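Peer 1: Can you read through this structure? Questions will come right after.
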Amino acid sequence: MHRFFKRAAVAVLAALAASVCSLGASASGEPYESYNYDRWGDAVPSQAGYTAERAVSGYDLGVGALSDPQDLFFDSDNVLYIADTGNNRIIAADSELRETVHVYDSFTMPDGSETRLNKPMGIFVSAVNGNIYIADSDNSRVLISDKDGNVQGEITKPQSEVYDQRRTFLPQKVIADKAGNVYVVLGNITTGAAMFAPDGSFSGFYGANRVEPTAAIIGNYIRSIFMSDEKKTHRTRTVPTGITGFDIDRDFIFTCTASGTQTTDTVKKLNAAGKNIFADLELSFGDNTPMYATTKNKIMAPSIVDIDVSTDGCINCLDFTTGRVFQYDEDCNLLFITGTLAKQTGGFDHVAAVESLGSDLYVLDSMKDTITVFRETSFGKIVHEAAALHNSGYYEEALGPWQEVLRRDGNYNRAYEGVAAALLRKGDYKGAMKYAKLADAGKIYNKAFEGRRREFLKEHFTAIAAVLALMVAALFAGGRYRKKHGSRSDVKGKEEQP
Amino acid sequence: MMDLTQKQWVKHAVMHPVEGFEDMRWKKSGSLKIALFIILLLFFGEIAYGRLYGFQFYISYDKNFNIIPYIVRSFVLFGVWTLGNWAVCTLLDGEGTLKNICIYSAYALIPYTVQLYLNVILSHLLIRDEMVFMDIIKIAGVCWTAMLLFSAVKSVHQYSFGKTVFAIILTVAAMFVMLFLLVLFLSLIQQVIIFISTLYTELSYRARV
């Protein structure tokens with residue numbers, strides 16, 4: 001009897017252990033292995049920064065199925081606005097995505113008449129005046145309304161000469177800055193976003209992309225020098241890809257460009273003058289070495305369709321090709337890669353928009369018609385804390401979190417750099433050199449080495465001076481000795497002189 | 001005069017870019033052993049330059065190590081130069097034998113080799129701001145070697161200045177031709193090996209039935 005109990009206890013314990021193990025494995029139930037890049041730019045397994053919590057459909061919000069939704073936006077009251085494009089409506093849901101706050105499908109014009117949306121592609125809510133800006137694509141207008149559905153204004157095709165009148169007005173995305181200027185991404189314009197003054201008058205284009213000087217383009221240019229004007233007009237023109245999406249973060253506008261071929265200017269940080277701050281940094285966004293998908297016979301080149309800047313300054317770039325969110329800190333160091341192409345929760349089909357609230361990520365899929373909620377993991381929390389401290393200059397305070405990051409994931413390259421910078425600040429040059437070497441941070445290594453060399457010279461000054469003095473003395477003595485006795489060859493040479 | 005040991009001849013040739021090789025030729029001096037040793041040093045110098053450089057200047061991809069590029073940069077290039085020069089200059093009434101070309105060219109490579117080692121050592125002592133010293137050493141080494149190589153070709157074949165330039169240009173062209181043929185030959189051999197291995201696989205499948 002006693003033995004039976006013992007066996008039963010062992011069996012129960014074993015079962016418990018097994019279940020704990022399987023729980024541990026299923027805790028990260030995403031349909032992908034999370035990865036990051038090491039110091040050579042090779043993909044390595046990594047801890048996940050986000051975990052997919054749930055996917056929210058229109059039914060969960062009590063408004064029926066969404067249809068081809070295109071945009072998401074959190075306003076300052078943490079209400080989520082969804083541009084339900086196919087159903088021609090805007091849905092406002094609470095931050096937990098449990099219930100719908102309001103469904104906007106018709107608006108009251110100032111003269112009292114009703115107006116309806118037609119394929120609204122973009123949505124923005126101003127934190128300053130609380131107005132909703134809707135890129136009402138097929139109606140060729142941007143609708144500005146208050147939160148009760150009363151239209152405050154309308155922006156239509158500008159009658160300016162700068163705007164090519166043959167082109168229709170196809171607003172895709174819209175944002176407004178603090179001063180009330182409205183920026184509109186247009187589907188068929190490649191010269192940047194259209195910018196409108198607060199009164200709705202057109203004030204020009206903003207933030208055009210540059211043309212990447214590829215071999216073909218340079219070749220075309222050289223050929224065009226020798227062509228008649230008539231022939232030139234019939235040639236295809238070289239134009240950059242237009243902006244696909246943008247987000248505003250206090251004083252800066254971040255734009256992204258979805259293009260399978262363009263690699264410059266895919267993500268830009270524009271100041272008020274429209275100058276790209278990232279322009280000369282030689283940054284790349286998305287996967288480092290795009291994978292070749294054999295089943296689709298195509299190279300999965302990144303195509304960033306939406307961008308979001310979270311409140312702590314992290315830049316979330318949504319890659320349509322791979323269905324992944326690439327999160328960068330404000331200095332454009334890659335933090336996390338989240339998501340994939342898959343049917344399960346955490347995987348996507350046609351990603352359309354990304355939005356963040358606090359530490360959570362929300363990704364909209366226009367094919368699955370769902371919003372996937374990603375929660376920050378404990379690892380993600382530490383990394384974000386460390387990166388935020390580091391980027392605001394508190395290197396030493398960031399040392400603890402960075403070391404914790406390394407304890408959890410020794411592949412996390414950015415942490416080595418953080419530790420190196422902290423140790424350098426502390427004056428531990430030897431440690432800084434070690435970590436800078438691991439982090440591929442030549443600049444930090446250089447500084448640490450300089451300090452270490454100074455330290456070394458100070459410590460061993462007497463020894464170095466003594467050795468130098470001895471060497472000089474030895475050379476001097478050797479020279480005098482040779483002068484006195486003459487070298488062997490010279491003597492022999494003289495003897496054999498003819 | 002000029003009765004030097006082989007080691008002293010090396011020093012003499014390197015330190016006297018204009019007359020050194022002429023003297024050496026006049027005394028029929030120069031050692032093949034030392035020449036090959038220099039090329040070996042060049043090979044190790046190239047490796048050190050690629051792998052042991054100071055971290056503040058250069059980051060090497062040290063996940064894998066492929067020795068072929070280093071072999072090509074030292075032994076193969078030197079061999080092709082020697083052969084090419086011999087082939088060209090035999091037709092151009094050059095007096096140098098293959099052995100002498102090999103010896104003189106190897107001696108001429110000494111400044112370049114020394115520069116490699118010096119820079120590797122300096123890269124562990126200097127910081128980025130002081131990089132100009134390393135650049136100066138590198139430029140000096142390369143120029144000195146170029147001068148010596150010119151002088152070596154000139155004296156080994158007893159050419160005039162103009163003819164030496166012409167011979168060097170032809171040698172470089174010959175090197176390209178040889179390297180091209182080498183690559184062609186290697187890819188051809190690869191094809192043959194693939195063909196034989198496929199044949200073997202096919203036969204082994206048939207034999208089993």
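Ligands are numbered from 1 in the order shown, chains are lettered A, B, ... in the order of the structure tokens, and residues start at 1 in each chain.
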So which residues touch A:Tyr206 within 12 Å, counting only C-alpha atoms, skipping near sequence neighbours fewer than 3 positions away, as a VMD selection string?
Peer 2: chain A and resid 181 to 186 189 to 196 202 to 203 209 242 to 243 246 253 to 255 270 to 276
Peer 1: Pick out each residue of stretch 331-491 of chain A that DSSP on the backbone tags as helix (DSSP H, G or I); I need them as a ChimeraX atom specification.
Peer 2: /A:378-391,395-408,413-426,429-439,442-459,461-485,488-491
Peer 1: Quick check: residues of chain B within 10 Å of chain A, only C-alpha atoms, returned as a PyMOL selection string.
Peer 2: chain B and resi 1-5+8+54-63+124-129
Peer 1: Do a neighbour search on B:Tyr49 at 10 Å with only C-alpha atoms, toss out local chain neighbours closer than 4 positions, and write the hits as an mmCIF file with N, CA and C atoms, in the first residue's frame.
Peer 2:
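Okay, around-v8.cif is ready:
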data_model
loop_
_atom_site.group_PDB
_atom_site.id
_atom_site.type_symbol
_atom_site.label_atom_id
_atom_site.label_comp_id
_atom_site.auth_asym_id
_atom_site.auth_seq_id
_atom_site.Cartn_x
_atom_site.Cartn_y
_atom_site.Cartn_z
ATOM 1 N N PHE B 43 52.182 36.135 -47.293
ATOM 2 C CA PHE B 43 50.951 35.369 -47.085
ATOM 3 C C PHE B 43 50.454 35.531 -45.651
ATOM 4 N N PHE B 44 51.357 35.355 -44.671
ATOM 5 C CA PHE B 44 50.938 35.494 -43.279
ATOM 6 C C PHE B 44 50.598 36.950 -42.950
ATOM 7 N N GLY B 45 51.309 37.872 -43.603
ATOM 8 C CA GLY B 45 51.011 39.287 -43.396
ATOM 9 C C GLY B 45 49.613 39.632 -43.866
ATOM 10 N N TYR B 53 43.487 42.743 -37.174
ATOM 11 C CA TYR B 53 43.541 44.186 -37.148
ATOM 12 C C TYR B 53 42.900 44.707 -35.866
ATOM 13 N N GLY B 54 43.356 45.876 -35.413
ATOM 14 C CA GLY B 54 42.792 46.503 -34.222
ATOM 15 C C GLY B 54 41.310 46.749 -34.404
ATOM 16 N N TYR B 58 38.598 48.283 -37.751
ATOM 17 C CA TYR B 58 38.106 47.334 -38.750
ATOM 18 C C TYR B 58 37.445 46.147 -38.052
ATOM 19 N N GLN B 115 55.108 46.776 -44.355
ATOM 20 C CA GLN B 115 54.002 47.698 -44.098
ATOM 21 C C GLN B 115 52.792 46.973 -43.510
ATOM 22 N N LEU B 116 52.511 45.764 -44.022
ATOM 23 C CA LEU B 116 51.379 44.993 -43.500
ATOM 24 C C LEU B 116 51.552 44.727 -42.007
ATOM 25 N N TYR B 117 52.732 44.206 -41.646
ATOM 26 C CA TYR B 117 52.966 43.870 -40.241
ATOM 27 C C TYR B 117 52.977 45.114 -39.366
ATOM 28 N N LEU B 118 53.631 46.163 -39.867
ATOM 29 C CA LEU B 118 53.703 47.405 -39.085
ATOM 30 C C LEU B 118 52.305 47.940 -38.799
ATOM 31 N N ASN B 119 51.468 47.927 -39.824
ATOM 32 C CA ASN B 119 50.128 48.469 -39.639
ATOM 33 C C ASN B 119 49.309 47.621 -38.695
ATOM 34 N N VAL B 120 49.485 46.306 -38.739
ATOM 35 C CA VAL B 120 48.751 45.448 -37.812
ATOM 36 C C VAL B 120 49.166 45.784 -36.386
ATOM 37 N N ILE B 121 50.464 45.964 -36.165
ATOM 38 C CA ILE B 121 50.928 46.290 -34.811
ATOM 39 C C ILE B 121 50.421 47.673 -34.397
ATOM 40 N N SER B 123 47.853 49.255 -35.403
ATOM 41 C CA SER B 123 46.404 49.306 -35.236
ATOM 42 C C SER B 123 45.991 48.909 -33.822
#
Peer 1: How far is it from atom CA of A:Asp365 to atom CA of A:Leu335, in Å with one decimal?
Peer 2: 22.5 Å
Peer 1: Between atom CA of A:Glu161 and atom CA of A:Ala208, measure the distance and give it in Å to one decimal.
Peer 2: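 So the answer is 17.8 Å.
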Peer 1: Between A:Arg250, A:Lys269, A:His460, A:Arg324, which has the minimum distance to A:Val305 (counting only C-alpha atoms)?
Peer 2: A:Arg324
Peer 1: Show which residues sit within 10 Å of B:Ala174, as a ChimeraX atom specification. Count only C-alpha atoms, and ignore same-chain residues fewer than 5 positions away.
Peer 2: /B:80-81,83-85,87-88,168-169,179-180
Peer 1: Grab the residues selected above and save them as a PDB file, in the first residue's frame with all heavy atoms.
Peer 2:
ATOM      1  N   VAL B  80      51.664  34.241 -60.850  1.00  0.00           N
ATOM      2  CA  VAL B  80      51.176  34.691 -62.146  1.00  0.00           C
ATOM      3  C   VAL B  80      52.030  35.846 -62.657  1.00  0.00           C
ATOM      4  O   VAL B  80      52.376  35.912 -63.834  1.00  0.00           O
ATOM      5  CB  VAL B  80      49.687  35.083 -62.033  1.00  0.00           C
ATOM      6  CG1 VAL B  80      49.233  35.798 -63.278  1.00  0.00           C
ATOM      7  CG2 VAL B  80      48.837  33.863 -61.797  1.00  0.00           C
ATOM      8  N   TRP B  81      52.409  36.741 -61.757  1.00  0.00           N
ATOM      9  CA  TRP B  81      53.285  37.860 -62.131  1.00  0.00           C
ATOM     10  C   TRP B  81      54.608  37.334 -62.674  1.00  0.00           C
ATOM     11  O   TRP B  81      55.080  37.747 -63.726  1.00  0.00           O
ATOM     12  CB  TRP B  81      53.508  38.765 -60.928  1.00  0.00           C
ATOM     13  CG  TRP B  81      54.713  39.647 -61.052  1.00  0.00           C
ATOM     14  CD1 TRP B  81      55.958  39.376 -60.595  1.00  0.00           C
ATOM     15  CD2 TRP B  81      54.800  40.913 -61.704  1.00  0.00           C
ATOM     16  NE1 TRP B  81      56.820  40.390 -60.891  1.00  0.00           N
ATOM     17  CE2 TRP B  81      56.135  41.359 -61.587  1.00  0.00           C
ATOM     18  CE3 TRP B  81      53.890  41.723 -62.376  1.00  0.00           C
ATOM     19  CZ2 TRP B  81      56.575  42.565 -62.101  1.00  0.00           C
ATOM     20  CZ3 TRP B  81      54.327  42.928 -62.886  1.00  0.00           C
ATOM     21  CH2 TRP B  81      55.645  43.340 -62.765  1.00  0.00           C
ATOM     22  N   LEU B  83      55.441  34.326 -63.816  1.00  0.00           N
ATOM     23  CA  LEU B  83      55.286  33.597 -65.075  1.00  0.00           C
ATOM     24  C   LEU B  83      54.984  34.554 -66.222  1.00  0.00           C
ATOM     25  O   LEU B  83      55.568  34.449 -67.306  1.00  0.00           O
ATOM     26  CB  LEU B  83      54.156  32.579 -64.955  1.00  0.00           C
ATOM     27  CG  LEU B  83      54.540  31.220 -64.358  1.00  0.00           C
ATOM     28  CD1 LEU B  83      53.308  30.345 -64.242  1.00  0.00           C
ATOM     29  CD2 LEU B  83      55.581  30.555 -65.251  1.00  0.00           C
ATOM     30  N   GLY B  84      54.078  35.490 -65.970  1.00  0.00           N
ATOM     31  CA  GLY B  84      53.681  36.438 -67.007  1.00  0.00           C
ATOM     32  C   GLY B  84      54.863  37.270 -67.449  1.00  0.00           C
ATOM     33  O   GLY B  84      55.106  37.462 -68.645  1.00  0.00           O
ATOM     34  N   ASN B  85      55.623  37.750 -66.466  1.00  0.00           N
ATOM     35  CA  ASN B  85      56.778  38.571 -66.790  1.00  0.00           C
ATOM     36  C   ASN B  85      57.813  37.779 -67.577  1.00  0.00           C
ATOM     37  O   ASN B  85      58.381  38.255 -68.555  1.00  0.00           O
ATOM     38  CB  ASN B  85      57.381  39.103 -65.495  1.00  0.00           C
ATOM     39  CG  ASN B  85      58.377  40.193 -65.748  1.00  0.00           C
ATOM     40  OD1 ASN B  85      59.571  39.956 -65.741  1.00  0.00           O
ATOM     41  ND2 ASN B  85      57.869  41.396 -66.028  1.00  0.00           N
ATOM     42  N   ALA B  87      57.233  35.137 -69.452  1.00  0.00           N
ATOM     43  CA  ALA B  87      56.713  34.842 -70.784  1.00  0.00           C
ATOM     44  C   ALA B  87      56.815  36.059 -71.692  1.00  0.00           C
ATOM     45  O   ALA B  87      57.258  35.965 -72.844  1.00  0.00           O
ATOM     46  CB  ALA B  87      55.251  34.388 -70.675  1.00  0.00           C
ATOM     47  N   VAL B  88      56.451  37.218 -71.175  1.00  0.00           N
ATOM     48  CA  VAL B  88      56.463  38.429 -71.984  1.00  0.00           C
ATOM     49  C   VAL B  88      57.890  38.831 -72.323  1.00  0.00           C
ATOM     50  O   VAL B  88      58.221  39.133 -73.473  1.00  0.00           O
ATOM     51  CB  VAL B  88      55.734  39.560 -71.235  1.00  0.00           C
ATOM     52  CG1 VAL B  88      56.007  40.905 -71.881  1.00  0.00           C
ATOM     53  CG2 VAL B  88      54.240  39.290 -71.216  1.00  0.00           C
ATOM     54  N   ILE B 168      55.955  45.988 -68.367  1.00  0.00           N
ATOM     55  CA  ILE B 168      55.074  45.840 -67.201  1.00  0.00           C
ATOM     56  C   ILE B 168      53.614  45.838 -67.635  1.00  0.00           C
ATOM     57  O   ILE B 168      52.809  45.028 -67.169  1.00  0.00           O
ATOM     58  CB  ILE B 168      55.365  46.954 -66.176  1.00  0.00           C
ATOM     59  CG1 ILE B 168      56.691  46.650 -65.475  1.00  0.00           C
ATOM     60  CG2 ILE B 168      54.245  47.039 -65.144  1.00  0.00           C
ATOM     61  CD1 ILE B 168      57.130  47.685 -64.507  1.00  0.00           C
ATOM     62  N   ILE B 169      53.289  46.730 -68.591  1.00  0.00           N
ATOM     63  CA  ILE B 169      51.903  46.766 -69.075  1.00  0.00           C
ATOM     64  C   ILE B 169      51.547  45.425 -69.703  1.00  0.00           C
ATOM     65  O   ILE B 169      50.487  44.844 -69.422  1.00  0.00           O
ATOM     66  CB  ILE B 169      51.711  47.915 -70.093  1.00  0.00           C
ATOM     67  CG1 ILE B 169      51.841  49.260 -69.372  1.00  0.00           C
ATOM     68  CG2 ILE B 169      50.352  47.814 -70.764  1.00  0.00           C
ATOM     69  CD1 ILE B 169      51.903  50.449 -70.295  1.00  0.00           C
ATOM     70  N   LEU B 179      44.870  34.547 -65.444  1.00  0.00           N
ATOM     71  CA  LEU B 179      43.848  34.376 -64.409  1.00  0.00           C
ATOM     72  C   LEU B 179      42.520  33.972 -65.027  1.00  0.00           C
ATOM     73  O   LEU B 179      41.801  33.112 -64.507  1.00  0.00           O
ATOM     74  CB  LEU B 179      43.684  35.664 -63.605  1.00  0.00           C
ATOM     75  CG  LEU B 179      44.828  35.959 -62.649  1.00  0.00           C
ATOM     76  CD1 LEU B 179      44.642  37.317 -61.993  1.00  0.00           C
ATOM     77  CD2 LEU B 179      44.933  34.877 -61.588  1.00  0.00           C
ATOM     78  N   PHE B 180      42.240  34.585 -66.196  1.00  0.00           N
ATOM     79  CA  PHE B 180      40.996  34.238 -66.883  1.00  0.00           C
ATOM     80  C   PHE B 180      40.995  32.758 -67.265  1.00  0.00           C
ATOM     81  O   PHE B 180      40.025  32.034 -67.027  1.00  0.00           O
ATOM     82  CB  PHE B 180      40.859  35.117 -68.124  1.00  0.00           C
ATOM     83  CG  PHE B 180      39.705  34.741 -69.009  1.00  0.00           C
ATOM     84  CD1 PHE B 180      38.404  35.000 -68.605  1.00  0.00           C
ATOM     85  CD2 PHE B 180      39.914  34.128 -70.236  1.00  0.00           C
ATOM     86  CE1 PHE B 180      37.346  34.636 -69.406  1.00  0.00           C
ATOM     87  CE2 PHE B 180      38.855  33.769 -71.041  1.00  0.00           C
ATOM     88  CZ  PHE B 180      37.572  34.029 -70.623  1.00  0.00           C
TER      89      PHE B 180
END
Peer 1: Compile the contact shell of stretch 151-162 of chain B as a VMD selection string: residues with an atom at most 7 Å away, counting only C-alpha atoms, same-chain residues fewer than 5 positions apart removed.
Peer 2: chain B and resid 17 to 18 21 to 22 25 94 to 96 100 to 101 104 to 105 108
Peer 1: Could you please take those selected residues and save N, CA, C and O atoms as a short mmCIF file (atom, residue, chain, number, x, y, z; two decimals), in the first residue's frame?
Peer 2:
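That gives us again_32.cif:
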data_model
loop_
_atom_site.label_atom_id
_atom_site.label_comp_id
_atom_site.auth_asym_id
_atom_site.auth_seq_id
_atom_site.Cartn_x
_atom_site.Cartn_y
_atom_site.Cartn_z
N PRO B 17 66.85 51.70 -54.24
CA PRO B 17 65.84 51.38 -55.25
C PRO B 17 66.36 51.53 -56.68
O PRO B 17 65.89 50.85 -57.58
N VAL B 18 67.32 52.40 -56.91
CA VAL B 18 67.75 52.64 -58.29
C VAL B 18 68.89 51.68 -58.68
O VAL B 18 68.83 51.02 -59.72
N PHE B 21 69.34 46.57 -57.51
CA PHE B 21 69.18 45.35 -58.30
C PHE B 21 70.25 45.22 -59.38
O PHE B 21 70.65 44.12 -59.75
N GLU B 22 70.72 46.38 -59.86
CA GLU B 22 71.80 46.35 -60.86
C GLU B 22 73.06 45.71 -60.24
O GLU B 22 73.69 44.83 -60.83
N ARG B 25 72.62 42.06 -59.79
CA ARG B 25 72.74 41.33 -61.04
C ARG B 25 74.22 41.21 -61.45
O ARG B 25 74.69 40.16 -61.88
N GLY B 94 64.38 39.99 -73.08
CA GLY B 94 64.82 40.18 -71.71
C GLY B 94 65.88 39.17 -71.35
O GLY B 94 65.90 38.06 -71.88
N GLU B 95 66.79 39.55 -70.45
CA GLU B 95 67.88 38.66 -70.11
C GLU B 95 67.58 37.82 -68.88
O GLU B 95 68.35 36.93 -68.52
N GLY B 96 66.48 38.13 -68.16
CA GLY B 96 66.20 37.47 -66.89
C GLY B 96 65.73 36.04 -67.06
O GLY B 96 64.98 35.72 -67.98
N ASN B 100 65.59 34.26 -61.62
CA ASN B 100 65.98 35.62 -61.26
C ASN B 100 64.77 36.55 -61.14
O ASN B 100 64.70 37.37 -60.23
N ILE B 101 63.81 36.39 -62.06
CA ILE B 101 62.60 37.21 -61.97
C ILE B 101 61.93 36.98 -60.64
O ILE B 101 61.50 37.90 -59.95
N TYR B 104 64.07 38.62 -57.75
CA TYR B 104 64.07 40.08 -57.74
C TYR B 104 62.69 40.62 -57.36
O TYR B 104 62.57 41.57 -56.59
N SER B 105 61.63 40.00 -57.91
CA SER B 105 60.28 40.47 -57.61
C SER B 105 59.96 40.27 -56.14
O SER B 105 59.35 41.13 -55.51
N ALA B 108 61.50 42.84 -54.09
CA ALA B 108 60.81 44.12 -54.26
C ALA B 108 59.56 44.20 -53.39
O ALA B 108 59.09 45.29 -53.08
#
Peer 1: May I have a table of the residues of stretch 36-99 of chain A lying at most 12 Å from stretch 110-119 of chain A, giving each one's closest pair of atoms and their distance in Å to one decimal, counting only C-alpha atoms, ordered by chain and ascending residue number, as a tab-separated table?
Peer 2:
residue	atom	partner	partner_atom	distance
A:Ser67	CA	A:Lys119	CA	10.3
A:Asp68	CA	A:Lys119	CA	9.5
A:Pro69	CA	A:Lys119	CA	9.4
A:Gln70	CA	A:Lys119	CA	9.4
A:Asp71	CA	A:Lys119	CA	11.4
A:Ala83	CA	A:Lys119	CA	8.7
A:Asp84	CA	A:Lys119	CA	8.1
A:Thr85	CA	A:Lys119	CA	4.7
A:Gly86	CA	A:Lys119	CA	6.1
A:Asn87	CA	A:Lys119	CA	7.6
A:Asn88	CA	A:Lys119	CA	5.2
A:Arg89	CA	A:Leu117	CA	6.5
A:Ile90	CA	A:Leu117	CA	8.8
Peer 1: Save out the residues we just selected, C-alpha atoms, as an mmCIF file, in the first residue's frame.
Peer 2:
data_model
loop_
_atom_site.group_PDB
_atom_site.id
_atom_site.type_symbol
_atom_site.label_atom_id
_atom_site.label_comp_id
_atom_site.auth_asym_id
_atom_site.auth_seq_id
_atom_site.Cartn_x
_atom_site.Cartn_y
_atom_site.Cartn_z
ATOM 1 C CA SER A 67 -14.827 44.680 -44.568
ATOM 2 C CA ASP A 68 -11.388 45.488 -45.943
ATOM 3 C CA PRO A 69 -10.468 47.843 -43.068
ATOM 4 C CA GLN A 70 -7.522 50.091 -43.894
ATOM 5 C CA ASP A 71 -6.563 52.261 -40.945
ATOM 6 C CA ALA A 83 -11.572 52.920 -40.881
ATOM 7 C CA ASP A 84 -13.942 50.141 -41.977
ATOM 8 C CA THR A 85 -13.363 50.896 -45.631
ATOM 9 C CA GLY A 86 -15.536 48.263 -47.291
ATOM 10 C CA ASN A 87 -18.538 49.088 -45.112
ATOM 11 C CA ASN A 88 -18.083 52.859 -45.620
ATOM 12 C CA ARG A 89 -17.993 53.668 -41.945
ATOM 13 C CA ILE A 90 -15.739 54.613 -39.078
#
Peer 1: Measuring atom to atom with only C-alpha atoms, identify which of A:Glu404, A:Asp105, A:Glu212, A:Asp306 is nearest to A:Thr263.
Peer 2: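 When distances to A:Thr263 are compared using only C-alpha atoms, the smallest one comes from A:Glu212.
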Peer 1: Just how far from atom CA of A:Glu33 is atom CA of A:Thr264, in Å to one decimal?
Peer 2: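 Computed distance, atom CA of A:Thr264 to atom CA of A:Glu33, equals 28.5 Å.
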